[in-house]
Amino acid sequence: MTTDSRPAGVPDTAVTFINIFEMSAEHLDAFIVQWEQRAALMRAKPGFIDSRLHRARSSDTRFQLVNVAHWESREAWEAATADPEFRGRTQAAQEDPQMRITSNRGLYDVAVEFSATATEPSQPR
């Protein structure tokens with residue numbers, strides 16, 4: 001989020017957490033149910049802003065799911081993900097031999113942003 005596009009009340013320290021999941025399409029529904037349970041834990045944590053889990057339209061897509069979440073700060077995200085219950089559920093999902101999930105995650109800042117109405121790209125300040 002850039003300063004110009006940041007929703008009202010979202011601090012300048014906000015970060016975007018992106019996690020992409022590589023897995024067989026046959027395991028998507030079960031994984032999504034588990035993800036919703038983990039997301040419910042995060043929603044209650046201080047600093048949580050929002051989260052969306054995106055599902056690929058094709059089962060041939062390499063990354064079947066992409067999670068994009070916003071947090072008020074890196075520190076808020078780190079504190080939330082340190083929660084023992086969340087860690088336990090995340091580890092159980094990663095170690096499930098039936099699902100074989102590869103997760104690639106990281107915190108990001110917007111580098112360039114385009115909108116339908118802007119004539120020039122905006123860059124974060």
# chains A, B, ... in the order shown; residues from 1 in each chain; ligands from 1
$ select_by_dssp --residues "chain A" --states "alpha helix (DSSP H)" --output "number ranges by chain"
A: 28-43, 74-81, 84-95
$ select_by_dssp --residues "chain A" --states "strand (DSSP E or B)" --output "ChimeraX atom specification"
/A:15-22,48-55,65-71,102-108,113,122
$ residues_around --residues "A:Ala76" --least-positions-apart "6" --cutoff "8 Å" --atoms "only C-alpha atoms" --output "list in words"
Pro46, Gly47 and Phe48 of chain A
$ atom_distance --atom1 "atom CA of A:Thr102" --atom2 "atom CA of A:Ala82"
20.1 Å
$ closest_residue --among "A:Ala93, A:Glu26, A:Val15, A:Arg38" --to "A:Leu107" --atoms "only C-alpha atoms"
A:Val15
$ atom_distance --atom1 "atom CA of A:Ala69" --atom2 "atom CA of A:Arg52"
6.3 Å
$ closest_residue --among "A:Ala79, A:Ala111, A:Val68, A:Ile101" --to "A:Thr16" --atoms "only C-alpha atoms"
A:Val68
$ residues_around --residues "A:Thr81" --least-positions-apart "5" --cutoff "10 Å" --atoms "only C-alpha atoms" --output "list in words"
Leu41, Met42, Lys45, Glu75, Ala76, Phe86, Arg87 and Thr90 of chain A
$ write_last_selection --atoms "N, CA and C atoms" --output "CSV table (one decimal), in the first residue's frame"
chain,number,residue,atom,x,y,z
A,41,LEU,N,-7.6,-17.4,13.9
A,41,LEU,CA,-6.6,-17.1,15.0
A,41,LEU,C,-6.0,-15.8,14.7
A,42,MET,N,-5.5,-15.5,13.5
A,42,MET,CA,-4.8,-14.3,13.2
A,42,MET,C,-5.7,-13.1,13.2
A,45,LYS,N,-5.7,-11.2,16.4
A,45,LYS,CA,-4.4,-10.7,16.9
A,45,LYS,C,-4.3,-9.2,16.7
A,75,GLU,N,6.4,-6.0,13.4
A,75,GLU,CA,6.4,-6.5,14.8
A,75,GLU,C,5.0,-7.1,15.2
A,76,ALA,N,3.9,-6.6,14.7
A,76,ALA,CA,2.6,-7.2,15.0
A,76,ALA,C,2.5,-8.5,14.3
A,86,PHE,N,-1.0,-21.2,16.7
A,86,PHE,CA,-0.9,-20.9,15.3
A,86,PHE,C,0.3,-21.7,14.8
A,87,ARG,N,1.4,-21.7,15.5
A,87,ARG,CA,2.6,-22.4,15.0
A,87,ARG,C,2.3,-23.9,14.9
A,90,THR,N,0.2,-24.7,11.9
A,90,THR,CA,0.9,-24.5,10.7
A,90,THR,C,1.9,-25.6,10.5
$ residues_around --residues "A:Phe21" --least-positions-apart "5" --cutoff "9 Å" --atoms "only C-alpha atoms" --output "list in words"
Arg62, Phe63, Gln64, Leu65, Val66, Asn67, Ile101, Thr102, Ser103, Asn104 and Arg105 of chain A
$ write_last_selection --atoms "N, CA, C and O atoms" --output "mmCIF file, in the first residue's frame"
data_model
loop_
_atom_site.group_PDB
_atom_site.id
_atom_site.type_symbol
_atom_site.label_atom_id
_atom_site.label_comp_id
_atom_site.auth_asym_id
_atom_site.auth_seq_id
_atom_site.Cartn_x
_atom_site.Cartn_y
_atom_site.Cartn_z
ATOM 1 N N ARG A 62 0.914 -23.700 -11.213
ATOM 2 C CA ARG A 62 1.925 -24.183 -10.266
ATOM 3 C C ARG A 62 1.557 -23.830 -8.831
ATOM 4 O O ARG A 62 1.615 -24.677 -7.942
ATOM 5 N N PHE A 63 1.201 -22.595 -8.584
ATOM 6 C CA PHE A 63 0.848 -22.169 -7.234
ATOM 7 C C PHE A 63 -0.665 -22.110 -7.138
ATOM 8 O O PHE A 63 -1.301 -21.216 -7.666
ATOM 9 N N GLN A 64 -1.247 -23.065 -6.449
ATOM 10 C CA GLN A 64 -2.697 -23.205 -6.376
ATOM 11 C C GLN A 64 -3.357 -22.168 -5.475
ATOM 12 O O GLN A 64 -4.501 -21.798 -5.705
ATOM 13 N N LEU A 65 -2.649 -21.712 -4.453
ATOM 14 C CA LEU A 65 -3.204 -20.733 -3.521
ATOM 15 C C LEU A 65 -2.199 -19.628 -3.247
ATOM 16 O O LEU A 65 -0.991 -19.886 -3.158
ATOM 17 N N VAL A 66 -2.707 -18.415 -3.107
ATOM 18 C CA VAL A 66 -1.876 -17.270 -2.744
ATOM 19 C C VAL A 66 -2.597 -16.510 -1.637
ATOM 20 O O VAL A 66 -3.732 -16.073 -1.818
ATOM 21 N N ASN A 67 -1.932 -16.375 -0.508
ATOM 22 C CA ASN A 67 -2.476 -15.609 0.616
ATOM 23 C C ASN A 67 -1.825 -14.234 0.621
ATOM 24 O O ASN A 67 -0.605 -14.125 0.560
ATOM 25 N N ILE A 101 2.671 -30.015 0.794
ATOM 26 C CA ILE A 101 2.516 -28.595 0.513
ATOM 27 C C ILE A 101 3.879 -27.923 0.565
ATOM 28 O O ILE A 101 4.669 -28.171 1.475
ATOM 29 N N THR A 102 4.144 -27.063 -0.407
ATOM 30 C CA THR A 102 5.320 -26.217 -0.370
ATOM 31 C C THR A 102 4.826 -24.793 -0.176
ATOM 32 O O THR A 102 3.991 -24.307 -0.936
ATOM 33 N N SER A 103 5.339 -24.149 0.857
ATOM 34 C CA SER A 103 4.933 -22.783 1.193
ATOM 35 C C SER A 103 6.113 -21.847 0.979
ATOM 36 O O SER A 103 7.234 -22.156 1.375
ATOM 37 N N ASN A 104 5.857 -20.712 0.339
ATOM 38 C CA ASN A 104 6.882 -19.694 0.102
ATOM 39 C C ASN A 104 6.324 -18.377 0.608
ATOM 40 O O ASN A 104 5.372 -17.857 0.055
ATOM 41 N N ARG A 105 6.929 -17.844 1.672
ATOM 42 C CA ARG A 105 6.345 -16.675 2.304
ATOM 43 C C ARG A 105 7.350 -15.570 2.525
ATOM 44 O O ARG A 105 8.553 -15.811 2.555
#
$ closest_residue --among "A:Trp77, A:Phe17, A:Phe31, A:Trp71" --to "A:Asp96" --atoms "only C-alpha atoms"
A:Phe31
$ closest_residue --among "A:Thr13, A:Gln37, A:Asn19, A:Thr117" --to "A:His54" --atoms "only C-alpha atoms"
A:Asn19
$ closest_residue --among "A:Asp50, A:Gln34, A:Glu72, A:Phe114" --to "A:Gln91" --atoms "only C-alpha atoms"
A:Gln34
$ atom_distance --atom1 "atom CA of A:Leu53" --atom2 "atom CA of A:Ser73"
20.0 Å
